[in-house]
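Read the structure below first, then the notes.
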Amino acid sequence: MIQPNRQKDIAKDLMMQIKRESYIKECFHGDNQCSTPIISAHSIQNNRILNKMSKNGEVLYFCMNEKEGERSFLQAPIGRKKATTFTGFCSKHDREIFIPIESFDYQERNKEQEFLFAYRALAKEYHSRKQSIKLLQAAKGKLMYSNPQLDMCLEGSQCSLSEIERHRQLFNTALDNQEFDIIGTRVIAFQEEYHVAVSSVFTIEKDMNGKVVNDHSCFNVELKFFCFTIFPQNGKTFILFSYLIKYKKYLNPVINYILKSKIKDRKIIISNLIAAYVENVVLSPVRWEKMADSEKMAFQNLFNKTLFTAGDELNQPKNINLFV
């Protein structure tokens, strides 16, 4: 009989092998101008954003906690040079495409900048989803028995990836032709720098009035994505909601609801949105330390609860406020 400790070692070795087999390195822009090598690109700017949020060179990021078999995500310190990186661009395209947002401050209604923030968020999600599918496929190949839950998760991820792939092609064509107005961007600005940063893509199931926006129970349906970016800059915190113009009538009500709310309620709604829908989020260690234990627990519980399942969480917001 295999001893429990040995079983854990075997499981850990197997997981490491699956992760290695699932590693993806490819350029999101992918054309004949690509250079080598594929690099670890930041999805959230290192020098302009992560640097000001760090404490002793570290920020708080989400990482997998596998202690005692528990599979949840917890806040953990990580060097800012490693945080939010992904192997999703060649060095040429990472260097050249993002000059307007890497070298210059964001200006509201600058369509090129807003497009590039959305483009980067989409690239990160595309890479994460593709790598997740490869991991699920590798895990399925190692199993000696059928796992319906794994099969359903894999099918759902593949359908979602096909939608992100459609967006990838649209965004790359728009980038090449400088057609930045294919997307719309709604901006919410808080008049203070809060050390919260996000670069992510998500689909909301229902708006705050309970109207269905995306039916997550159906596969092979057209998904209406938000490209979601948050960053502090020059005494303000900017929240950018970007989406394809064709989805404006479906997604604008979500932003309108937030804007009609009092400022304190806006902060709570957006904080809950981050916890419920976003994985690629960075917080300042100083900010996290100042949060009440009950607030930290509420954030982590909501994040873990909605990590693999969509929910109607925004209609019953928890007492979470990251913007204090």
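Ligands are numbered from 1 in the order shown, chains are lettered A, B, ... in the order of the structure tokens, and residues start at 1 in each chain.
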DSSP on the backbone, helix (DSSP H, G or I) only: what residues of segment 145-218 of chain A does that give? Format it as number ranges by chain.
A: 148-177, 180-182
Pick the closest to Phe104 of chain A from A:Gln137, A:Thr87, A:Ser128, A:Gln233: which is it, counting only C-alpha atoms?
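Closest to Phe104 of chain A, using only C-alpha atoms: A:Gln233.
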Quick one: distance from atom CA of Ile99 of chain A to atom CA of Arg120 of chain A in Å, one decimal?
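Answer for the atom CA of Ile99 of chain A to atom CA of Arg120 of chain A separation: 12.2 Å.
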Could you produce a table of the residues of segment 92-176 of chain A lying within 7 Å of segment 29-49 of chain A, with the nearest pair of atoms per residue and their separation in Å rounded to one decimal, using only C-alpha atoms, ordered by chain and increasing residue number, as CSV?
residue,atom,partner,partner_atom,distance
A:Lys92,CA,A:Ser35,CA,5.6
A:His93,CA,A:Cys34,CA,6.9
A:Asp94,CA,A:Ala41,CA,6.9
A:Arg120,CA,A:Ser43,CA,6.3
A:Ala121,CA,A:Ser43,CA,6.8
A:Lys124,CA,A:Ser43,CA,6.4
A:Asn172,CA,A:His29,CA,6.4
Backbone-only DSSP, strand (DSSP E) members of segment 15-159 of chain A, as a ChimeraX atom specification
/A:38-42,58-65,72-79,85-90
Residue neighbourhood Ile183 of chain A, 8 Å, only C-alpha atoms, exclusion window fewer than 5 positions, as a PyMOL selection string:
chain A and resi 115+242-245
Write out the residues from the selection above, keeping N, CA and C atoms, as an mmCIF file, in the first residue's frame.
data_model
loop_
_atom_site.group_PDB
_atom_site.id
_atom_site.type_symbol
_atom_site.label_atom_id
_atom_site.label_comp_id
_atom_site.auth_asym_id
_atom_site.auth_seq_id
_atom_site.Cartn_x
_atom_site.Cartn_y
_atom_site.Cartn_z
ATOM 1 N N PHE A 115 -8.073 51.317 -26.780
ATOM 2 C CA PHE A 115 -8.031 50.071 -27.554
ATOM 3 C C PHE A 115 -6.874 49.190 -27.074
ATOM 4 N N SER A 242 -14.369 48.224 -21.659
ATOM 5 C CA SER A 242 -14.341 48.274 -23.125
ATOM 6 C C SER A 242 -15.067 47.057 -23.700
ATOM 7 N N TYR A 243 -15.638 47.224 -24.887
ATOM 8 C CA TYR A 243 -16.414 46.152 -25.511
ATOM 9 C C TYR A 243 -16.591 46.476 -26.986
ATOM 10 N N LEU A 244 -16.872 45.455 -27.783
ATOM 11 C CA LEU A 244 -17.177 45.687 -29.184
ATOM 12 C C LEU A 244 -18.430 46.547 -29.287
ATOM 13 N N ILE A 245 -18.419 47.518 -30.201
ATOM 14 C CA ILE A 245 -19.532 48.446 -30.358
ATOM 15 C C ILE A 245 -20.857 47.705 -30.571
#
Quick one: residues within 12 Å of Leu116 of chain A, only C-alpha atoms counted, chain neighbours fewer than 5 positions away excluded, as an NGL selection string?
:A and (43-44 or 94 or 96-102 or 106 or 110-111 or 121-123 or 171-172 or 174-175 or 178-181 or 183 or 185 or 199 or 227-229 or 240 or 242)
Mind writing the picked residues with C-alpha atoms as a PDB file, in the first residue's frame?
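Generated output (again14.pdb):
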ATOM      1  CA  SER A  43      -0.324  42.375 -18.644  1.00  0.00           C
ATOM      2  CA  ILE A  44      -0.233  45.196 -16.075  1.00  0.00           C
ATOM      3  CA  ASP A  94       5.383  43.635 -27.005  1.00  0.00           C
ATOM      4  CA  GLU A  96       6.247  48.240 -30.376  1.00  0.00           C
ATOM      5  CA  ILE A  97       2.491  47.774 -30.000  1.00  0.00           C
ATOM      6  CA  PHE A  98       2.149  49.202 -26.496  1.00  0.00           C
ATOM      7  CA  ILE A  99       4.340  52.332 -26.778  1.00  0.00           C
ATOM      8  CA  PRO A 100       1.285  54.670 -26.539  1.00  0.00           C
ATOM      9  CA  ILE A 101       0.364  53.284 -23.093  1.00  0.00           C
ATOM     10  CA  GLU A 102       3.830  52.356 -21.864  1.00  0.00           C
ATOM     11  CA  TYR A 106      -3.530  57.746 -20.225  1.00  0.00           C
ATOM     12  CA  ASN A 110      -7.911  58.626 -26.414  1.00  0.00           C
ATOM     13  CA  LYS A 111      -9.258  55.803 -28.569  1.00  0.00           C
ATOM     14  CA  ALA A 121      -6.459  42.352 -21.489  1.00  0.00           C
ATOM     15  CA  LEU A 122      -7.801  40.176 -24.305  1.00  0.00           C
ATOM     16  CA  ALA A 123      -4.313  38.794 -25.014  1.00  0.00           C
ATOM     17  CA  PHE A 171      -8.745  43.097 -32.674  1.00  0.00           C
ATOM     18  CA  ASN A 172      -5.634  42.214 -34.678  1.00  0.00           C
ATOM     19  CA  ALA A 174      -8.317  46.601 -36.218  1.00  0.00           C
ATOM     20  CA  LEU A 175      -4.817  47.121 -34.802  1.00  0.00           C
ATOM     21  CA  GLN A 178      -5.721  51.480 -36.863  1.00  0.00           C
ATOM     22  CA  GLU A 179      -9.494  51.068 -36.651  1.00  0.00           C
ATOM     23  CA  PHE A 180      -9.646  51.738 -32.928  1.00  0.00           C
ATOM     24  CA  ASP A 181     -13.311  52.695 -32.972  1.00  0.00           C
ATOM     25  CA  ILE A 183     -14.684  49.176 -29.506  1.00  0.00           C
ATOM     26  CA  THR A 185     -14.998  52.405 -23.716  1.00  0.00           C
ATOM     27  CA  SER A 199      -6.263  43.677 -16.712  1.00  0.00           C
ATOM     28  CA  CYS A 227     -12.332  44.096 -21.459  1.00  0.00           C
ATOM     29  CA  PHE A 228     -11.690  45.481 -17.997  1.00  0.00           C
ATOM     30  CA  THR A 229      -8.742  47.638 -16.921  1.00  0.00           C
ATOM     31  CA  LEU A 240     -12.097  51.210 -18.130  1.00  0.00           C
ATOM     32  CA  SER A 242     -14.341  48.274 -23.125  1.00  0.00           C
TER      33      SER A 242
END
Between A:Asn319, A:Asn147, A:Asn304, A:Asn280, which is the closest to Tyr61 of chain A once you count only C-alpha atoms?
A:Asn280
Determine, counting only C-alpha atoms, which protein, DNA and RNA residues have an atom within 9 Å of an atom of Ile255 of chain A; residues of the same chain fewer than 5 positions away are not included. Present the result as number ranges by chain.
A: 186-188, 241, 260
Hey, can you spit out that residue selection with N, CA and C atoms as a PDB file, in the first residue's frame?
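Output (result_36.pdb):
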ATOM      1  N   ARG A 186     -16.241  52.884 -21.722  1.00  0.00           N
ATOM      2  CA  ARG A 186     -16.844  53.736 -20.698  1.00  0.00           C
ATOM      3  C   ARG A 186     -15.850  53.824 -19.543  1.00  0.00           C
ATOM      4  N   VAL A 187     -15.650  55.028 -19.048  1.00  0.00           N
ATOM      5  CA  VAL A 187     -14.629  55.271 -18.027  1.00  0.00           C
ATOM      6  C   VAL A 187     -15.275  55.764 -16.739  1.00  0.00           C
ATOM      7  N   ILE A 188     -14.878  55.160 -15.638  1.00  0.00           N
ATOM      8  CA  ILE A 188     -15.226  55.641 -14.307  1.00  0.00           C
ATOM      9  C   ILE A 188     -13.926  56.052 -13.635  1.00  0.00           C
ATOM     10  N   PHE A 241     -14.114  50.145 -18.922  1.00  0.00           N
ATOM     11  CA  PHE A 241     -14.937  49.051 -19.431  1.00  0.00           C
ATOM     12  C   PHE A 241     -14.985  49.172 -20.947  1.00  0.00           C
ATOM     13  N   LYS A 260     -25.021  55.611 -11.830  1.00  0.00           N
ATOM     14  CA  LYS A 260     -26.165  56.201 -11.133  1.00  0.00           C
ATOM     15  C   LYS A 260     -26.085  55.991  -9.619  1.00  0.00           C
TER      16      LYS A 260
END
Smallest atom-to-atom distance to Lys290 of chain A: which of A:Val324, A:Val213, A:Ala76, A:Val198, using only C-alpha atoms?
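Of the candidates, the smallest distance to Lys290 of chain A is held by A:Val324.
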